$ cat upload.cif   # mmCIF, C-alpha atoms and all ligand atoms
data_entry
#
loop_
_atom_site.group_PDB
_atom_site.id
_atom_site.type_symbol
_atom_site.label_atom_id
_atom_site.label_comp_id
_atom_site.auth_asym_id
_atom_site.auth_seq_id
_atom_site.Cartn_x
_atom_site.Cartn_y
_atom_site.Cartn_z
ATOM 1 C CA MET A 1 85.109 116.423 83.950
ATOM 2 C CA SER A 2 84.647 114.004 86.808
ATOM 3 C CA ARG A 3 86.445 110.687 87.218
ATOM 4 C CA ILE A 4 85.757 107.316 88.813
ATOM 5 C CA ASP A 5 87.896 105.030 91.003
ATOM 6 C CA LEU A 6 87.004 101.335 91.116
ATOM 7 C CA HIS A 7 89.771 100.056 93.406
ATOM 8 C CA LEU A 8 89.983 101.371 96.962
ATOM 9 C CA HIS A 9 90.899 99.875 100.337
ATOM 10 C CA THR A 10 89.680 100.946 103.774
ATOM 11 C CA THR A 11 90.239 100.034 107.437
ATOM 12 C CA HIS A 12 87.988 97.012 106.826
ATOM 13 C CA SER A 13 91.058 95.412 105.232
ATOM 14 C CA ASP A 14 94.543 96.884 104.930
ATOM 15 C CA GLY A 15 93.704 100.491 104.114
ATOM 16 C CA SER A 16 94.376 103.120 106.777
ATOM 17 C CA LEU A 17 91.225 105.253 106.335
ATOM 18 C CA ARG A 18 87.619 104.477 107.177
ATOM 19 C CA PRO A 19 85.163 104.187 104.261
ATOM 20 C CA SER A 20 83.594 107.587 105.057
ATOM 21 C CA ASP A 21 87.036 109.245 105.033
ATOM 22 C CA VAL A 22 87.845 107.632 101.685
ATOM 23 C CA LEU A 23 84.558 109.053 100.351
ATOM 24 C CA THR A 24 85.497 112.520 101.627
ATOM 25 C CA LEU A 25 88.801 112.337 99.732
ATOM 26 C CA ALA A 26 86.918 111.082 96.671
ATOM 27 C CA LYS A 27 84.636 114.123 96.797
ATOM 28 C CA GLU A 28 87.662 116.434 96.922
ATOM 29 C CA ALA A 29 89.123 114.629 93.882
ATOM 30 C CA ASN A 30 85.870 115.082 91.899
ATOM 31 C CA VAL A 31 85.172 111.338 91.861
ATOM 32 C CA SER A 32 81.556 110.732 90.774
ATOM 33 C CA ALA A 33 81.481 106.960 91.378
ATOM 34 C CA LEU A 34 83.715 104.513 93.194
ATOM 35 C CA ALA A 35 84.024 100.939 94.373
ATOM 36 C CA ILE A 36 85.284 99.892 97.778
ATOM 37 C CA THR A 37 87.284 96.703 97.117
ATOM 38 C CA ASP A 38 88.610 95.480 100.444
ATOM 39 C CA HIS A 39 90.559 92.220 100.508
ATOM 40 C CA ASP A 40 88.338 89.226 101.296
ATOM 41 C CA ILE A 41 85.703 91.274 103.181
ATOM 42 C CA THR A 42 82.575 93.337 102.475
ATOM 43 C CA THR A 43 81.857 94.882 105.896
ATOM 44 C CA GLY A 44 82.956 98.372 104.775
ATOM 45 C CA ILE A 45 80.221 98.673 102.172
ATOM 46 C CA PRO A 46 77.282 99.901 104.323
ATOM 47 C CA GLU A 47 79.287 102.859 105.661
ATOM 48 C CA ALA A 48 80.480 103.656 102.116
ATOM 49 C CA LEU A 49 76.924 103.525 100.747
ATOM 50 C CA ALA A 50 75.705 105.888 103.478
ATOM 51 C CA ALA A 51 78.571 108.350 102.929
ATOM 52 C CA GLY A 52 78.046 108.124 99.161
ATOM 53 C CA ALA A 53 74.357 108.979 99.526
ATOM 54 C CA GLU A 54 75.288 112.007 101.613
ATOM 55 C CA LEU A 55 78.049 113.252 99.309
ATOM 56 C CA GLY A 56 76.364 112.436 95.994
ATOM 57 C CA ILE A 57 78.903 109.761 95.013
ATOM 58 C CA GLU A 58 77.703 106.504 93.494
ATOM 59 C CA VAL A 59 79.103 103.545 95.448
ATOM 60 C CA ILE A 60 79.520 100.196 93.678
ATOM 61 C CA PRO A 61 79.752 97.273 96.114
ATOM 62 C CA GLY A 62 83.080 95.568 95.519
ATOM 63 C CA VAL A 63 85.637 93.136 96.863
ATOM 64 C CA GLU A 64 89.181 91.978 95.993
ATOM 65 C CA VAL A 65 89.804 88.252 96.298
ATOM 66 C CA SER A 66 93.344 86.857 96.296
ATOM 67 C CA SER A 67 93.973 83.685 94.285
ATOM 68 C CA PHE A 68 96.884 81.589 93.022
ATOM 69 C CA ASP A 69 97.115 79.931 89.628
ATOM 70 C CA GLY A 70 100.155 77.759 90.383
ATOM 71 C CA ASN A 71 102.529 80.417 89.088
ATOM 72 C CA SER A 72 101.265 83.891 90.013
ATOM 73 C CA GLU A 73 99.166 85.425 92.773
ATOM 74 C CA LEU A 74 96.208 86.915 90.915
ATOM 75 C CA HIS A 75 93.757 89.332 92.483
ATOM 76 C CA ILE A 76 90.192 89.126 91.264
ATOM 77 C CA LEU A 77 87.993 92.175 91.791
ATOM 78 C CA GLY A 78 84.260 91.636 92.175
ATOM 79 C CA TYR A 79 81.860 94.444 91.198
ATOM 80 C CA CYS A 80 78.168 94.929 91.918
ATOM 81 C CA VAL A 81 78.340 91.838 94.114
ATOM 82 C CA LYS A 82 75.484 90.952 96.423
ATOM 83 C CA TRP A 83 77.793 91.828 99.256
ATOM 84 C CA ASP A 84 75.575 90.503 102.055
ATOM 85 C CA GLU A 85 74.847 87.153 100.379
ATOM 86 C CA PRO A 86 75.497 84.473 103.073
ATOM 87 C CA ALA A 87 77.222 81.825 100.913
ATOM 88 C CA PHE A 88 79.593 84.435 99.447
ATOM 89 C CA ASN A 89 80.434 85.759 102.898
ATOM 90 C CA ARG A 90 81.121 82.254 104.179
ATOM 91 C CA ARG A 91 83.678 81.884 101.370
ATOM 92 C CA LEU A 92 85.266 85.190 102.312
ATOM 93 C CA ALA A 93 85.350 84.179 105.986
ATOM 94 C CA GLN A 94 87.300 81.053 104.998
ATOM 95 C CA LEU A 95 89.811 83.224 103.158
ATOM 96 C CA ARG A 96 90.220 85.399 106.238
ATOM 97 C CA GLU A 97 90.792 82.260 108.312
ATOM 98 C CA SER A 98 93.681 81.355 106.025
ATOM 99 C CA ARG A 99 95.144 84.780 106.836
ATOM 100 C CA HIS A 100 94.945 83.963 110.556
ATOM 101 C CA ARG A 101 96.777 80.700 109.948
ATOM 102 C CA ARG A 102 99.501 82.403 107.963
ATOM 103 C CA ASN A 103 100.113 85.617 109.890
ATOM 104 C CA PRO A 104 101.397 84.031 113.152
ATOM 105 C CA LEU A 105 103.961 82.127 111.055
ATOM 106 C CA ILE A 106 105.140 85.425 109.563
ATOM 107 C CA ILE A 107 105.383 86.887 113.082
ATOM 108 C CA GLU A 108 107.395 83.853 114.202
ATOM 109 C CA ARG A 109 109.905 84.473 111.415
ATOM 110 C CA LEU A 110 110.143 88.158 112.268
ATOM 111 C CA ARG A 111 110.753 87.278 115.915
ATOM 112 C CA GLU A 112 113.475 84.836 114.840
ATOM 113 C CA ALA A 113 115.040 87.778 112.992
ATOM 114 C CA GLY A 114 115.125 89.602 116.356
ATOM 115 C CA LEU A 115 112.078 91.856 115.971
ATOM 116 C CA ASP A 116 109.928 92.282 119.060
ATOM 117 C CA ILE A 117 106.353 91.974 117.776
ATOM 118 C CA THR A 118 103.330 89.772 118.491
ATOM 119 C CA TYR A 119 100.276 88.796 116.471
ATOM 120 C CA ASP A 120 98.042 90.275 119.184
ATOM 121 C CA GLU A 121 99.639 93.655 118.499
ATOM 122 C CA VAL A 122 99.034 93.243 114.755
ATOM 123 C CA ARG A 123 95.381 92.278 115.329
ATOM 124 C CA ALA A 124 94.837 95.238 117.633
ATOM 125 C CA LEU A 125 96.326 97.593 115.067
ATOM 126 C CA ALA A 126 94.321 96.029 112.217
ATOM 127 C CA GLY A 127 90.973 96.215 114.033
ATOM 128 C CA THR A 128 89.405 94.009 111.338
ATOM 129 C CA GLU A 129 89.138 90.314 110.538
ATOM 130 C CA SER A 130 90.920 90.761 107.201
ATOM 131 C CA VAL A 131 94.469 91.044 108.479
ATOM 132 C CA GLY A 132 97.169 91.420 105.835
ATOM 133 C CA ARG A 133 100.881 91.922 105.512
ATOM 134 C CA PRO A 134 100.421 95.707 105.234
ATOM 135 C CA HIS A 135 99.179 95.648 108.862
ATOM 136 C CA ILE A 136 102.380 93.893 109.877
ATOM 137 C CA ALA A 137 104.320 96.482 107.858
ATOM 138 C CA GLN A 138 102.464 99.258 109.692
ATOM 139 C CA LEU A 139 103.412 97.795 113.083
ATOM 140 C CA LEU A 140 107.050 97.547 111.980
ATOM 141 C CA MET A 141 106.849 101.222 111.033
ATOM 142 C CA GLN A 142 105.323 102.172 114.385
ATOM 143 C CA LYS A 143 108.079 100.268 116.172
ATOM 144 C CA LYS A 144 110.679 102.039 114.024
ATOM 145 C CA TYR A 145 112.099 98.826 112.596
ATOM 146 C CA VAL A 146 111.470 100.283 109.123
ATOM 147 C CA THR A 147 110.625 103.731 107.823
ATOM 148 C CA SER A 148 108.089 102.703 105.168
ATOM 149 C CA ALA A 149 105.817 99.817 104.234
ATOM 150 C CA LYS A 150 107.909 99.387 101.116
ATOM 151 C CA GLU A 151 110.977 98.834 103.265
ATOM 152 C CA ALA A 152 109.067 96.274 105.375
ATOM 153 C CA PHE A 153 108.137 94.353 102.215
ATOM 154 C CA ASP A 154 111.594 94.675 100.631
ATOM 155 C CA ARG A 155 113.422 93.533 103.766
ATOM 156 C CA TYR A 156 111.039 90.987 105.273
ATOM 157 C CA LEU A 157 107.549 90.423 103.878
ATOM 158 C CA ALA A 158 107.744 90.126 100.086
ATOM 159 C CA ASP A 159 107.876 86.760 98.325
ATOM 160 C CA GLY A 160 111.489 85.547 98.573
ATOM 161 C CA ARG A 161 112.284 87.585 101.706
ATOM 162 C CA PRO A 162 112.993 85.979 105.104
ATOM 163 C CA ALA A 163 109.533 86.376 106.691
ATOM 164 C CA TYR A 164 107.508 85.404 103.615
ATOM 165 C CA VAL A 165 104.982 82.644 104.179
ATOM 166 C CA ALA A 166 102.606 81.492 101.450
ATOM 167 C CA ARG A 167 98.939 81.196 102.284
ATOM 168 C CA GLU A 168 96.282 78.775 101.060
ATOM 169 C CA LEU A 169 94.500 80.521 98.226
ATOM 170 C CA PRO A 170 91.686 79.563 95.885
ATOM 171 C CA THR A 171 92.379 79.199 92.186
ATOM 172 C CA PRO A 172 91.371 82.198 90.056
ATOM 173 C CA ALA A 173 88.568 80.059 88.562
ATOM 174 C CA GLU A 174 87.172 79.438 92.075
ATOM 175 C CA ALA A 175 87.377 83.118 93.019
ATOM 176 C CA ILE A 176 85.633 84.076 89.759
ATOM 177 C CA LYS A 177 82.903 81.483 90.342
ATOM 178 C CA TRP A 178 82.220 82.733 93.887
ATOM 179 C CA ILE A 179 81.937 86.312 92.617
ATOM 180 C CA ASN A 180 79.665 85.297 89.732
ATOM 181 C CA GLU A 181 77.470 83.277 92.100
ATOM 182 C CA ALA A 182 77.057 86.450 94.176
ATOM 183 C CA LYS A 183 75.932 88.208 90.957
ATOM 184 C CA GLY A 184 79.169 90.141 90.648
ATOM 185 C CA ILE A 185 81.350 90.870 87.632
ATOM 186 C CA ALA A 186 84.836 89.407 88.095
ATOM 187 C CA VAL A 187 87.742 91.542 86.883
ATOM 188 C CA LEU A 188 91.457 90.730 86.759
ATOM 189 C CA ALA A 189 93.204 93.313 88.974
ATOM 190 C CA HIS A 190 96.629 94.809 88.119
ATOM 191 C CA PRO A 191 97.491 92.369 85.270
ATOM 192 C CA THR A 192 101.217 93.119 85.756
ATOM 193 C CA TRP A 193 101.098 90.505 88.529
ATOM 194 C CA VAL A 194 100.643 87.727 85.977
ATOM 195 C CA LYS A 195 104.144 86.264 85.752
ATOM 196 C CA VAL A 196 104.245 85.339 82.082
ATOM 197 C CA SER A 197 105.963 86.636 78.991
ATOM 198 C CA GLY A 198 104.981 87.126 75.373
ATOM 199 C CA GLU A 199 101.622 85.633 74.500
ATOM 200 C CA GLY A 200 101.303 84.110 78.013
ATOM 201 C CA LEU A 201 99.051 86.896 79.240
ATOM 202 C CA ARG A 202 96.558 86.374 76.423
ATOM 203 C CA THR A 203 96.505 82.621 77.131
ATOM 204 C CA CYS A 204 95.984 83.248 80.846
ATOM 205 C CA VAL A 205 93.220 85.832 80.392
ATOM 206 C CA THR A 206 91.493 83.675 77.761
ATOM 207 C CA ALA A 207 91.357 80.813 80.277
ATOM 208 C CA LEU A 208 90.050 83.180 82.971
ATOM 209 C CA LYS A 209 87.347 84.358 80.576
ATOM 210 C CA GLU A 210 86.269 80.760 80.080
ATOM 211 C CA ALA A 211 86.002 80.528 83.878
ATOM 212 C CA GLY A 212 83.673 83.566 83.907
ATOM 213 C CA LEU A 213 85.978 86.596 84.004
ATOM 214 C CA GLY A 214 84.152 89.706 82.826
ATOM 215 C CA GLY A 215 86.820 92.382 82.663
ATOM 216 C CA VAL A 216 90.389 93.590 82.981
ATOM 217 C CA GLU A 217 91.711 96.418 85.155
ATOM 218 C CA VAL A 218 93.294 98.368 82.323
ATOM 219 C CA HIS A 219 93.805 101.670 84.165
ATOM 220 C CA TYR A 220 95.883 101.434 87.349
ATOM 221 C CA SER A 221 98.121 103.775 89.339
ATOM 222 C CA THR A 222 101.414 102.112 88.440
ATOM 223 C CA HIS A 223 100.707 101.157 84.815
ATOM 224 C CA THR A 224 102.986 102.683 82.215
ATOM 225 C CA LYS A 225 101.449 104.032 79.000
ATOM 226 C CA SER A 226 102.549 100.939 77.119
ATOM 227 C CA GLN A 227 101.079 98.588 79.746
ATOM 228 C CA THR A 228 97.784 100.474 79.614
ATOM 229 C CA SER A 229 97.602 100.206 75.823
ATOM 230 C CA ARG A 230 98.546 96.538 75.897
ATOM 231 C CA TYR A 231 95.821 95.676 78.416
ATOM 232 C CA LEU A 232 93.316 97.851 76.562
ATOM 233 C CA GLU A 233 93.987 95.994 73.337
ATOM 234 C CA LEU A 234 93.735 92.643 75.112
ATOM 235 C CA ALA A 235 90.403 93.558 76.729
ATOM 236 C CA ARG A 236 89.016 94.730 73.388
ATOM 237 C CA GLN A 237 90.203 91.650 71.510
ATOM 238 C CA LEU A 238 88.765 89.274 74.111
ATOM 239 C CA ASP A 239 85.579 91.332 74.444
ATOM 240 C CA LEU A 240 86.126 91.981 78.146
ATOM 241 C CA LEU A 241 85.023 95.025 80.139
ATOM 242 C CA ILE A 242 87.565 97.725 80.901
ATOM 243 C CA THR A 243 87.891 99.016 84.465
ATOM 244 C CA GLY A 244 90.326 101.120 86.411
ATOM 245 C CA GLY A 245 91.236 102.293 89.866
ATOM 246 C CA SER A 246 93.948 103.637 92.116
ATOM 247 C CA ASP A 247 94.375 100.783 94.669
ATOM 248 C CA PHE A 248 94.453 103.483 97.319
ATOM 249 C CA HIS A 249 95.553 102.170 100.749
ATOM 250 C CA GLY A 250 96.500 105.338 102.659
ATOM 251 C CA VAL A 251 99.693 105.151 104.725
ATOM 252 C CA THR A 252 101.073 101.891 103.340
ATOM 253 C CA LYS A 253 101.032 103.300 99.783
ATOM 254 C CA PRO A 254 101.586 107.000 100.507
ATOM 255 C CA ASP A 255 102.281 107.914 96.868
ATOM 256 C CA ILE A 256 98.780 106.889 95.733
ATOM 257 C CA ASP A 257 95.808 109.252 96.007
ATOM 258 C CA VAL A 258 92.094 108.499 95.714
ATOM 259 C CA GLY A 259 90.971 109.006 92.112
ATOM 260 C CA MET A 260 94.382 110.265 90.964
ATOM 261 C CA GLY A 261 96.821 107.422 91.655
ATOM 262 C CA ARG A 262 100.281 108.895 91.279
ATOM 263 C CA GLY A 263 98.798 111.988 89.662
ATOM 264 C CA ASN A 264 98.258 110.720 86.147
ATOM 265 C CA LEU A 265 95.339 108.337 86.675
ATOM 266 C CA LYS A 266 91.997 109.360 85.217
ATOM 267 C CA VAL A 267 89.372 106.677 84.846
ATOM 268 C CA ASN A 268 86.531 107.715 82.554
ATOM 269 C CA PRO A 269 83.022 107.606 84.119
ATOM 270 C CA ARG A 270 81.759 106.158 80.817
ATOM 271 C CA LEU A 271 83.283 102.781 81.785
ATOM 272 C CA LEU A 272 80.661 102.392 84.487
ATOM 273 C CA THR A 273 77.536 101.845 82.364
ATOM 274 C CA PRO A 274 78.741 98.682 80.553
ATOM 275 C CA LEU A 275 79.894 97.267 83.899
ATOM 276 C CA LYS A 276 76.517 97.837 85.548
ATOM 277 C CA GLU A 277 74.651 96.545 82.497
ATOM 278 C CA ALA A 278 76.719 93.359 82.470
ATOM 279 C CA ALA A 279 76.062 92.855 86.192
ATOM 280 C CA ALA A 280 72.317 93.321 85.659
ATOM 281 C CA ARG A 281 72.409 90.493 83.084
ATOM 282 C CA LEU A 282 73.959 87.993 85.542
HETATM 283 P P1 LIG B 301 98.438 89.993 101.891
HETATM 284 O O1 LIG B 301 97.045 90.225 101.409
HETATM 285 O O2 LIG B 301 98.551 89.867 103.350
HETATM 286 O O3 LIG B 301 99.141 88.884 101.147
HETATM 287 O O4 LIG B 301 99.252 91.320 101.532
HETATM 288 C C1 LIG B 301 99.341 91.706 100.168
HETATM 289 C C2 LIG B 301 99.032 93.177 100.035
HETATM 290 O O5 LIG B 301 100.175 93.907 100.448
HETATM 291 C C3 LIG B 301 98.830 93.594 98.588
HETATM 292 O O6 LIG B 301 97.481 93.521 98.214
HETATM 293 C C4 LIG B 301 99.286 95.027 98.582
HETATM 294 O O7 LIG B 301 98.215 95.845 98.980
HETATM 295 C C5 LIG B 301 100.327 95.093 99.683
HETATM 296 N N1 LIG B 301 101.702 95.125 99.181
HETATM 297 C C6 LIG B 301 102.339 94.195 98.453
HETATM 298 N N2 LIG B 301 103.612 94.562 98.197
HETATM 299 C C7 LIG B 301 103.777 95.782 98.791
HETATM 300 C C8 LIG B 301 104.857 96.714 98.899
HETATM 301 N N3 LIG B 301 106.052 96.455 98.341
HETATM 302 N N4 LIG B 301 104.647 97.862 99.590
HETATM 303 C C9 LIG B 301 103.461 98.104 100.159
HETATM 304 N N5 LIG B 301 102.401 97.282 100.096
HETATM 305 C C10 LIG B 301 102.553 96.130 99.417
HETATM 306 ZN ZN ZN B 302 95.919 95.666 100.099
HETATM 307 FE FE FE B 303 95.605 93.641 94.653
HETATM 308 FE FE FE B 304 93.974 96.245 95.985
#

$ encode --input "upload.cif" --output "structure tokens" --more "lines below"
Ligand code: AMP
Ligand code: ZN
Ligand code: FE
Ligand code: FE
Amino acid sequence: MSRIDLHLHTTHSDGSLRPSDVLTLAKEANVSALAITDHDITTGIPEALAAGAELGIEVIPGVEVSSFDGNSELHILGYCVKWDEPAFNRRLAQLRESRHRRNPLIIERLREAGLDITYDEVRALAGTESVGRPHIAQLLMQKKYVTSAKEAFDRYLADGRPAYVARELPTPAEAIKWINEAKGIAVLAHPTWVKVSGEGLRTCVTALKEAGLGGVEVHYSTHTKSQTSRYLELARQLDLLITGGSDFHGVTKPDIDVGMGRGNLKVNPRLLTPLKEAAARL
């Protein structure tokens, strides 16, 4: 049976493969439908739609918007969004601007640590307006300062490490509203990022639902069986849609494959119909 993958990054943000190459890998993995969900940008969608039409893969326009709730960085996925809607794209452009304010400060800290890199080099490598820490990690790999993106994050870039700089982010409620205004379904990505314990997750997701959240990313490459069942139960109890995807990035997450995650991901194509129906009702 085929599978779907609703969380994929391309060269339009911090993924290392072009949309058409991601679609080729999806075809090989027997993926029947997918969503391109680049960070804060939708420019990869036309190429994905064209490749999807050629390969017989349904392409759902998507996006992944970073937000901060005062405690955790939450990523909000947007599905079936009107990706070329001007007001939505102006919002996304503002988010990319906040990346350009933050990244040079990260570079400054890396230079203070003795690493010879510039933001111009990062921008050239990125080749997109949505420049993220994984691009900086990639440059550090190319310059042999680290051997993996994970090492770059663990030593320098992760929260709490010497080159970490926070960036201005919208609240989750704002990100959800922008997605809803662009006729997209907002979904909480990788709920493990919510830094709460016990009943805190239910409280958080209940508040997000009041702000317009439509679903939870239950199936995800790094989820354990018990995490998956916990998020599934939560989604069912709160009457939220269930989605899933690999969060494929290519070289910066080399253990994650399109459609398969770490090998044990299989997102059921049946999840797609309720998602599309909900979007049609917006
Ligand atoms: P940014 O959007 O610039 O804040 O970068 C965050 C992105 O970096 C996340 O969306 C992940 O894709 C990636 N990331 C975070 N932690 C790691 C890690 N330890 N190894 C590789 N990639 C990571
Ligand atoms: Zn990313
Ligand atoms: Fe994310
Ligand atoms: Fe992602």

$ residues_around --input "upload.cif" --residues "segment 166-173 of chain A" --least-positions-apart "2" --cutoff "9 Å" --atoms "only C-alpha atoms" --output "PyMOL selection string"
chain A and resi 65-70+73-76+95+98-99+101-103+159+164+175-178+207-208+210-213

$ residues_near_ligand --input "upload.cif" --ligand "ligand ZN 302 (chain B)" --cutoff "8 Å" --atoms "all atoms listed in the file" --output "PyMOL selection string"
chain A and resi 9+13-15+38-39+132+134+247+249

$ closest_residue --input "upload.cif" --among "A:Asn264, A:Asn30, A:Thr147, A:Ser197" --to "ligand LIG 301 (chain B)" --atoms "only C-alpha atoms and all ligand atoms"
A:Thr147

$ closest_residue --input "upload.cif" --among "A:Leu110, A:Ala50, A:Leu188, A:Ala280" --to "ligand FE 303 (chain B)" --atoms "all atoms listed in the file"
A:Leu188

$ residues_near_ligand --input "upload.cif" --ligand "ligand LIG 301 (chain B)" --cutoff "6 Å" --atoms "only C-alpha atoms and all ligand atoms" --output "list in words"
Gly132, Arg133, Pro134, Ala149, Lys150, Phe153, Thr252 and Lys253 of chain A

$ closest_residue --input "upload.cif" --among "A:Val258, A:Leu232, A:Arg270, A:Lys144" --to "Ile36 of chain A" --atoms "only C-alpha atoms"
A:Val258

$ residues_near_point --input "upload.cif" --point "(90.3, 96.1, 107.2)" --cutoff "10 Å" --atoms "all atoms listed in the file" --output "list in words"
His9, Thr10, Thr11, His12, Ser13, Asp14, Gly15, Ser16, Leu17, Arg18, Asp38, His39, Asp40, Ile41, Thr42, Thr43, Gly44, Ala126, Gly127, Thr128, Glu129, Ser130, Val131, Gly132 and His135 of chain A

$ resolve_selection --input "upload.cif" --expression "the PyMOL selection byres (((not hetatm)) within 7 of (chain B and resi 303))" --output "list of chain:residue names"
A:Glu64, A:His75, A:Ala189, A:His190

$ resolve_selection --input "upload.cif" --expression "the PyMOL selection byres (((chain A and resi 142) around 12) and not hetatm)" --output "list in words"
Asp116, Ile117, Glu121, Val122, Leu125, His135, Ile136, Ala137, Gln138, Leu139, Leu140, Met141, Lys143, Lys144, Tyr145, Val146, Thr147, Ser148, Ala149, Ala152, Val251 and Thr252 of chain A

$ closest_residue --input "upload.cif" --among "A:Ala87, A:Ile256, A:Leu55, A:Leu201" --to "ligand FE 304 (chain B)" --atoms "only C-alpha atoms and all ligand atoms"
A:Ile256

$ closest_residue --input "upload.cif" --among "A:Val216, A:Leu8, A:Ile60, A:Val81" --to "Thr192 of chain A" --atoms "only C-alpha atoms"
A:Val216

$ closest_residue --input "upload.cif" --among "A:Asp239, A:Asp5, A:Glu112, A:Asp120" --to "ligand FE 304 (chain B)" --atoms "all atoms listed in the file"
A:Asp5

$ atom_distance --input "upload.cif" --atom1 "atom CA of Val165 of chain A" --atom2 "atom CA of His100 of chain A"
12.0 Å

$ residues_near_point --input "upload.cif" --point "(75.2, 85.7, 91.6)" --cutoff "10 Å" --atoms "all atoms listed in the file" --output "ChimeraX atom specification"
/A:80-82,85,88,177-185,279,282

$ atom_distance --input "upload.cif" --atom1 "atom CA of Val22 of chain A" --atom2 "atom CA of Val187 of chain A"
21.9 Å

$ resolve_selection --input "upload.cif" --expression "the PyMOL selection byres (((chain A and resi 271) around 10) and not hetatm)" --output "ChimeraX atom specification"
/A:4,241-244,267-270,272-276

$ build_atoms --input "upload.cif" --residues "segment 195-209 of chain A" --atoms "N, CA, C and O atoms" --output "PDB file, in the frame of the given file"
ATOM      1  N   LYS A 195     102.729  86.488  86.072  1.00  0.00           N
ATOM      2  CA  LYS A 195     104.144  86.264  85.752  1.00  0.00           C
ATOM      3  C   LYS A 195     104.287  85.406  84.503  1.00  0.00           C
ATOM      4  O   LYS A 195     104.513  84.201  84.589  1.00  0.00           O
ATOM      5  N   VAL A 196     104.097  86.045  83.360  1.00  0.00           N
ATOM      6  CA  VAL A 196     104.245  85.339  82.082  1.00  0.00           C
ATOM      7  C   VAL A 196     104.890  86.296  81.095  1.00  0.00           C
ATOM      8  O   VAL A 196     104.930  87.499  81.317  1.00  0.00           O
ATOM      9  N   SER A 197     105.394  85.752  80.011  1.00  0.00           N
ATOM     10  CA  SER A 197     105.963  86.636  78.991  1.00  0.00           C
ATOM     11  C   SER A 197     105.282  86.366  77.660  1.00  0.00           C
ATOM     12  O   SER A 197     104.574  85.371  77.501  1.00  0.00           O
ATOM     13  N   GLY A 198     105.491  87.267  76.733  1.00  0.00           N
ATOM     14  CA  GLY A 198     104.981  87.126  75.373  1.00  0.00           C
ATOM     15  C   GLY A 198     103.476  86.941  75.344  1.00  0.00           C
ATOM     16  O   GLY A 198     102.731  87.724  75.921  1.00  0.00           O
ATOM     17  N   GLU A 199     103.052  85.881  74.684  1.00  0.00           N
ATOM     18  CA  GLU A 199     101.622  85.633  74.500  1.00  0.00           C
ATOM     19  C   GLU A 199     100.972  85.014  75.749  1.00  0.00           C
ATOM     20  O   GLU A 199      99.786  84.720  75.759  1.00  0.00           O
ATOM     21  N   GLY A 200     101.795  84.772  76.800  1.00  0.00           N
ATOM     22  CA  GLY A 200     101.303  84.110  78.013  1.00  0.00           C
ATOM     23  C   GLY A 200     100.123  84.819  78.649  1.00  0.00           C
ATOM     24  O   GLY A 200      99.203  84.179  79.157  1.00  0.00           O
ATOM     25  N   LEU A 201     100.129  86.149  78.601  1.00  0.00           N
ATOM     26  CA  LEU A 201      99.051  86.896  79.240  1.00  0.00           C
ATOM     27  C   LEU A 201      97.719  86.637  78.524  1.00  0.00           C
ATOM     28  O   LEU A 201      96.691  86.419  79.159  1.00  0.00           O
ATOM     29  N   ARG A 202      97.783  86.632  77.184  1.00  0.00           N
ATOM     30  CA  ARG A 202      96.558  86.374  76.423  1.00  0.00           C
ATOM     31  C   ARG A 202      96.015  84.970  76.737  1.00  0.00           C
ATOM     32  O   ARG A 202      94.820  84.789  76.962  1.00  0.00           O
ATOM     33  N   THR A 203      96.911  83.996  76.821  1.00  0.00           N
ATOM     34  CA  THR A 203      96.505  82.621  77.131  1.00  0.00           C
ATOM     35  C   THR A 203      95.842  82.570  78.508  1.00  0.00           C
ATOM     36  O   THR A 203      94.785  81.968  78.699  1.00  0.00           O
ATOM     37  N   CYS A 204      96.499  83.236  79.475  1.00  0.00           N
ATOM     38  CA  CYS A 204      95.984  83.248  80.846  1.00  0.00           C
ATOM     39  C   CYS A 204      94.611  83.912  80.904  1.00  0.00           C
ATOM     40  O   CYS A 204      93.659  83.357  81.464  1.00  0.00           O
ATOM     41  N   VAL A 205      94.487  85.093  80.302  1.00  0.00           N
ATOM     42  CA  VAL A 205      93.220  85.832  80.392  1.00  0.00           C
ATOM     43  C   VAL A 205      92.114  85.109  79.605  1.00  0.00           C
ATOM     44  O   VAL A 205      90.954  85.111  80.012  1.00  0.00           O
ATOM     45  N   THR A 206      92.483  84.453  78.522  1.00  0.00           N
ATOM     46  CA  THR A 206      91.493  83.675  77.761  1.00  0.00           C
ATOM     47  C   THR A 206      90.932  82.556  78.637  1.00  0.00           C
ATOM     48  O   THR A 206      89.710  82.331  78.680  1.00  0.00           O
ATOM     49  N   ALA A 207      91.814  81.887  79.379  1.00  0.00           N
ATOM     50  CA  ALA A 207      91.357  80.813  80.277  1.00  0.00           C
ATOM     51  C   ALA A 207      90.476  81.382  81.394  1.00  0.00           C
ATOM     52  O   ALA A 207      89.456  80.798  81.768  1.00  0.00           O
ATOM     53  N   LEU A 208      90.854  82.556  81.912  1.00  0.00           N
ATOM     54  CA  LEU A 208      90.050  83.180  82.971  1.00  0.00           C
ATOM     55  C   LEU A 208      88.670  83.560  82.430  1.00  0.00           C
ATOM     56  O   LEU A 208      87.662  83.431  83.116  1.00  0.00           O
ATOM     57  N   LYS A 209      88.644  84.000  81.165  1.00  0.00           N
ATOM     58  CA  LYS A 209      87.347  84.358  80.576  1.00  0.00           C
ATOM     59  C   LYS A 209      86.455  83.117  80.488  1.00  0.00           C
ATOM     60  O   LYS A 209      85.248  83.181  80.763  1.00  0.00           O
TER      61      LYS A 209
END
